[in-house]
Number of protein chains: 2
Amino acid sequence: MNTPLSHLLANDNHDLREKMKKVLDNPLFTPLYHLSLEEERELAYQRLQLFFSEGLVSVFDFQKDPRRIFAAHEILGLCDGSMSTKFTVQMNLFGGTLLKFGNKPAFQPILEGIDSLKDVGCFALTELGYGNNAVEMETTATLDRETDEFIINSPSTLAQKYWITNGYCHAHWSIVFAQLIIKEEHFGVHGFLVPIRNKDLSVKPGVEIQDMGYKIGVNGVDNARLWFNDVRIPRENLLDAFSQVDEKGTFTSSIKGKRGRFIKMADQLLSGRICIASMTMAACKSSLYNAIRYAQSRLGVNSDGKSSAPLIDYQLQQKALLPLLAETYALSLGLNKVKNNYAQLQGEENAEKETNKELIKMCCVIKPMVTWHGENAATIGRERCGGQGYLACNRFGETISGAHAGITAEGDNSVLMQKVAKELLGSTTMTEVLKETTLSFIPGSLTRLLTLSKPLALVQLREKRLLAKLALKMQKVKGKEAIFNKWMVEESDLVQEVALSYGESFVLQNFHNICKEQNNPLLNDVCALYGAITIKKHLSWYLQEGILKASSCRSLDSKINVTCKKLNERLEELLDGFDIPQHLLFAPIAKDWQSYNDQDKDNQGEINPKHPFLAKKQTRPKRKVQAKTAKKRPADLTL
Amino acid sequence: MNTPLSHLLANDNHDLREKMKKVLDNPLFTPLYHLSLEEERELAYQRLQLFFSEGLVSVFDFQKDPRRIFAAHEILGLCDGSMSTKFTVQMNLFGGTLLKFGNKPAFQPILEGIDSLKDVGCFALTELGYGNNAVEMETTATLDRETDEFIINSPSTLAQKYWITNGYCHAHWSIVFAQLIIKEEHFGVHGFLVPIRNKDLSVKPGVEIQDMGYKIGVNGVDNARLWFNDVRIPRENLLDAFSQVDEKGTFTSSIKGKRGRFIKMADQLLSGRICIASMTMAACKSSLYNAIRYAQSRLGVNSDGKSSAPLIDYQLQQKALLPLLAETYALSLGLNKVKNNYAQLQGEENAEKETNKELIKMCCVIKPMVTWHGENAATIGRERCGGQGYLACNRFGETISGAHAGITAEGDNSVLMQKVAKELLGSTTMTEVLKETTLSFIPGSLTRLLTLSKPLALVQLREKRLLAKLALKMQKVKGKEAIFNKWMVEESDLVQEVALSYGESFVLQNFHNICKEQNNPLLNDVCALYGAITIKKHLSWYLQEGILKASSCRSLDSKINVTCKKLNERLEELLDGFDIPQHLLFAPIAKDWQSYNDQDKDNQGEINPKHPFLAKKQTRPKRKVQAKTAKKRPADLTL
């Protein structure tokens, strides 16, 4: 089997993806930069509307093939981080949660309004004071037996719902997470469907919404701070698939314990991590594409002093960009694997056991790896493009700030890595640990067989040894406080390393499997480069453990150099693998940047044609906004 | 001697610095975010005017104490990257160059107009096609013997002057670099003073100025693209301190060769690197201050599950932030050393020899180290602050994008590192090389004496060995093309490593010297941490070379952990060392962020009081802009 790279990387729903890309072949999606905050949000919303209007994706896809939804994230991620952030909250956090926990007749009209944006929703989980400990949140939902209602209340400054996407401008509904209280008894965090705006977008009484203002990126996202001042909702608005409260005020739940119920309710964060990884991966591919194209077309000093050498022929450029390309392939294929597993498990209702735990680990490790990589790739790409990389129109800034959003959204990356390590500890046995530990005391025993020619075995060895080391350390400590100390204060570095080594091993193993199926020499080289840079990254560990010798280090460097040179000859095919259509290549440096900069073009360093948004907005009807937010915007200033 | 840390870090002109900080204690300097591009530029300009109006700094300080000018960069860098970028071009690139090469009676009025912004200038060196090979630029200055004028001309798209700060809005003058041509003979790149705007800011005939538009940061800087269509200037406008053209059209120069003359003309880039490092260092300190303050006041999960542990007590937070703090101290002191050396050499006219070469290396290595560090520190700081780090008002975005600008301005960092390596090669002898190389073949000879307790010796050993390695490799190749290949295609990694190892050695040596003088245990700990993380960064090299053993690795980790914990107890003193006044602490997370987020405060996540800029701008007189640039800005959009 030798699948074209673009087909391989796309993974699933190929026809659908083409249709989605076609929707974006519309001038509304051309980047605009000279916008106010209000305009940025309106533009993101209009784009979202246009995309949804084609009916290519539905919240009900979660029940059929959730990969259709992930695919939409990838396509939108090529174009606009704000639009895709609004999309992911509407579709996954709001839509997905409502579908999973509130799929009852009363909510059908809302569920059906999601795909048309007739019903826009937000997801009010995070509170200002409890972003890192949501289970301790302060917002309450207290049952009023007399009226058969829940009363939603925000008791303090720290209890305000914070960062709520779609909250400031567009959401009619909010899924609000709150401590469920019945007759002064606390039952833990549950989700409630709370109407926050009327259809005319005026805000409901008791709800207060404030703007989060300017951010370092994705300013088209209308993030809000939300307060609930004794807002009453019918008892039925509890999302009750797993926990119910009957008309007598009796609480029942199929899940034991507050923590367990909270985790179940926040289940959509799991697919959310895939969504975020998908968006970020797309932006990363796009930035890397642009950086490499520019390095091919931009000329620098040659041996005769003239400017005639394409920058990509310099080792500096090659060694900066090609390992990033290999890592992008590796992580992209790894993410595909996670998506496939997620889709498979959605079908099986009884998939609670090992396979599910595997999936949790995968989701929690792939989001950090992809978002960190996206930030890094765009940062290095920006630098390698010099001044051109600094122009907004070349879009590295959007990828950097978009990746930053991903790094701490749907779980801070490092906190997710802790979760991965915890799951790994839980699934390992002391027998395995002892086996690893014993082996590592016999110099050269296993490792004699390991050389650079077996990068996967090297990476797997690291994974096992680190996990064994952590397991041994944790085994020795007893008691809540001691465990907390060991985990959070003493062995935090090791915890992070354990998780990362698992992720690298997972990604490389998957890449190897695909290479075996594909039998494509070019792909094998990409995989070899990813393996080599992964080992290089942890070289001091391999030396320290006596697994690699000084001589191997030199071979490793030489392998990396040679493979980079080989890949440099095949960049066209490798970039084609990303399958970015011409109409989504917005960055001038990816195209004929020289004529873009001709003297007669007043392009202001960016793309600003007769954009439909600027033409359209003059005639849009006014919409109501709450009085408090009608801030004076400074009038135009003529210099 | 035990100088207070703040006094030590400030280095020089302490009273002046206090006065400068006081000037910034004015609401005009409070950050504003809801601005159009035009407004951002106008605000940066107004701030600059206000700062200059106090008369605390002058271009003539270059002749007395250039550290006064560097100090201004540091103070302004705490506040606004756009203002400081406009400042550095006016003061250093334009002002400094004019002072050095055009200090003649005819130009006195202009020189005197610099400090008052009566005469604003720009520095037109970079061309679109020759950012990386300026000596090959295309712009020409052809002598017309008949009229005794130079004709400045931009012959192609690639010849446009690109990224010219102050060019789009405010500059009356441009120092234009161009190929000097007399009777068809080329004499290489020289600087010319070209008037580009009249006093009413209308553009002079033959000059075309276009906007570079939105960038990923410092949008208050009015970067321009410039063309010259046969613009005539008097022969006297050649900046002729080193090369002259007399009335007969005879060219004379005290410097041999085109390349030498170009380098001399671009001399102000040297102090420019100190300026950029100073601005970036200030922003870096500010972001690190904010991140650490937030980590102290933000509570996370504790062993009992409640949110009661300050994040800084987690190892994750400590290990992320405290090494950055140590590196900031180390680089800040290293930068001071460079400033002091620069100031010393300015006095000596005959300082052409070794000392000057040392200075060039220092300037070329400190700018990369500081700007890379600034980007990294702000990126990690942002991540460790989670969502709060993502709000514009907490200013990590400004530090990240400001550092990015620094990374490729006044010389791409990696290209400067090549220059450093070249200088190092030039100043080493084959005897030294052979000594190092021989020693490295005797296992344990020198290295027996080296342990972790001597980090400086370890870092110096690395510097010497890498340089020897590179020298040997370069010695073997002969011929222009072969040398080019070796340098640019085969050994680029080693070239970069050589330069970095020199920089680290320089910075650590300087830190050690200061510790010896200071005898301050806290400072010693900071120095020890910097030394340890520097070795950790290159651990695989030390292991590979057989200099450190596996057992040392464990001690190294333990040393880093213990020192981080020690420093964590002394954060107040260490942060006070940055000496950031209360009125320049704009980020809410550095202060009482909880009450900043109270329900009754519609802060929109940013600071937006009754700002004098918004009040003032309504009444400012209109100024002329060239027709072509009067772009329609979208009118306000009511949602």
# chains A, B, ... in the order shown; residues from 1 in each chain; ligands from 1
$ interface_residues --of "chain A" --to "chain B" --cutoff "6 Å" --atoms "only C-alpha atoms" --output "number ranges by chain"
A: 157, 211-216, 303, 314-316, 386, 390-392, 397, 408, 481, 484, 488-489, 492, 539-540, 544, 550, 598, 604-605, 622-623, 639
$ write_last_selection --atoms "N, CA and C atoms" --output "tab-separated table (two decimals), in the first residue's frame"
chain	number	residue	atom	x	y	z
A	157	THR	N	-16.27	37.11	43.99
A	157	THR	CA	-15.47	37.52	42.85
A	157	THR	C	-14.79	36.32	42.20
A	211	ASP	N	-17.21	41.95	29.31
A	211	ASP	CA	-16.25	41.63	28.25
A	211	ASP	C	-14.87	41.34	28.86
A	212	MET	N	-14.18	40.32	28.34
A	212	MET	CA	-12.81	40.06	28.79
A	212	MET	C	-11.82	40.98	28.09
A	213	GLY	N	-12.26	41.66	27.06
A	213	GLY	CA	-11.39	42.63	26.40
A	213	GLY	C	-10.32	42.02	25.52
A	214	TYR	N	-9.28	42.79	25.29
A	214	TYR	CA	-8.22	42.37	24.37
A	214	TYR	C	-7.37	41.24	24.94
A	215	LYS	N	-7.07	40.32	24.07
A	215	LYS	CA	-6.20	39.20	24.43
A	215	LYS	C	-4.96	39.22	23.55
A	216	ILE	N	-4.04	38.31	23.80
A	216	ILE	CA	-2.83	38.32	22.96
A	216	ILE	C	-3.07	37.61	21.63
A	303	SER	N	28.66	31.81	-2.29
A	303	SER	CA	30.12	31.79	-2.11
A	303	SER	C	30.82	32.93	-2.84
A	314	TYR	N	21.06	26.57	3.19
A	314	TYR	CA	21.92	26.74	4.37
A	314	TYR	C	21.56	25.68	5.41
A	315	GLN	N	22.57	25.17	6.07
A	315	GLN	CA	22.30	24.19	7.13
A	315	GLN	C	21.45	24.81	8.25
A	316	LEU	N	21.72	26.08	8.51
A	316	LEU	CA	20.98	26.77	9.57
A	316	LEU	C	19.48	26.67	9.34
A	386	GLY	N	12.71	36.11	9.33
A	386	GLY	CA	13.15	37.47	9.61
A	386	GLY	C	11.99	38.45	9.61
A	390	TYR	N	7.55	38.84	10.59
A	390	TYR	CA	6.98	39.76	11.58
A	390	TYR	C	5.74	40.49	11.06
A	391	LEU	N	5.52	40.44	9.74
A	391	LEU	CA	4.31	41.06	9.20
A	391	LEU	C	3.09	40.23	9.56
A	392	ALA	N	2.05	40.88	10.00
A	392	ALA	CA	0.83	40.16	10.37
A	392	ALA	C	0.34	39.27	9.22
A	397	GLY	N	2.21	35.18	13.77
A	397	GLY	CA	1.67	35.69	15.03
A	397	GLY	C	0.39	34.97	15.41
A	408	THR	N	-3.05	26.26	27.22
A	408	THR	CA	-3.67	26.27	28.55
A	408	THR	C	-5.19	26.12	28.51
A	481	GLU	N	-0.76	13.62	52.46
A	481	GLU	CA	0.12	14.78	52.40
A	481	GLU	C	1.48	14.42	51.81
A	484	PHE	N	1.10	13.94	48.11
A	484	PHE	CA	0.96	15.26	47.48
A	484	PHE	C	2.34	15.92	47.34
A	488	MET	N	3.91	16.83	43.83
A	488	MET	CA	3.84	18.24	43.43
A	488	MET	C	5.11	19.02	43.75
A	489	VAL	N	5.85	18.57	44.76
A	489	VAL	CA	6.97	19.40	45.21
A	489	VAL	C	8.32	18.77	44.90
A	492	SER	N	8.11	16.54	40.47
A	492	SER	CA	7.33	17.10	39.37
A	492	SER	C	8.04	16.95	38.02
A	539	LEU	N	19.25	13.08	24.76
A	539	LEU	CA	20.55	12.42	24.65
A	539	LEU	C	21.27	12.29	25.98
A	540	SER	N	21.17	13.34	26.79
A	540	SER	CA	21.91	13.27	28.06
A	540	SER	C	21.38	12.13	28.92
A	544	GLN	N	23.67	9.18	30.23
A	544	GLN	CA	23.69	9.04	31.68
A	544	GLN	C	23.36	7.61	32.10
A	550	ALA	N	29.43	7.65	23.55
A	550	ALA	CA	29.85	8.89	22.89
A	550	ALA	C	29.88	8.74	21.37
A	598	ASP	N	5.55	45.00	-5.10
A	598	ASP	CA	5.84	45.99	-6.14
A	598	ASP	C	5.46	47.40	-5.68
A	604	GLN	N	0.10	47.76	2.17
A	604	GLN	CA	0.28	47.97	3.60
A	604	GLN	C	0.77	46.72	4.30
A	605	GLY	N	1.47	45.88	3.57
A	605	GLY	CA	2.00	44.67	4.19
A	605	GLY	C	0.94	43.66	4.53
A	622	LYS	N	-29.01	46.93	13.27
A	622	LYS	CA	-28.46	47.07	14.61
A	622	LYS	C	-29.00	45.97	15.51
A	623	ARG	N	-28.17	45.56	16.45
A	623	ARG	CA	-28.66	44.61	17.42
A	623	ARG	C	-28.50	45.18	18.80
A	639	LEU	N	-4.52	61.95	11.01
A	639	LEU	CA	-3.20	62.47	11.42
A	639	LEU	C	-2.87	63.74	10.65
$ select_by_dssp --residues "region 384-546 of chain A" --states "alpha helix (DSSP H)" --output "PyMOL selection string"
chain A and resi 384+386-390+396-408+413-427+430-441+455-476+480-485+492-518+521-537+539-544
$ atom_distance --atom1 "CA of Asn340 (chain B)" --atom2 "CA of Asn513 (chain B)"
14.5 Å
$ atom_distance --atom1 "CA of Val218 (chain A)" --atom2 "CA of Val203 (chain A)"
24.0 Å
$ residues_around --residues "Pro195 (chain B)" --least-positions-apart "5" --cutoff "9 Å" --atoms "only C-alpha atoms" --output "NGL selection string"
:B and (171-175 or 204 or 233)
$ residues_around --residues "Gly257 (chain B)" --least-positions-apart "2" --cutoff "12 Å" --atoms "only C-alpha atoms" --output "list in words"
Val135, His186, Phe187, Gly188, Val189, Ser243, Thr252, Ser253, Ser254, Ile255, Arg259, Gly260, Arg261, Phe262, Ile263 and Lys264 of chain B
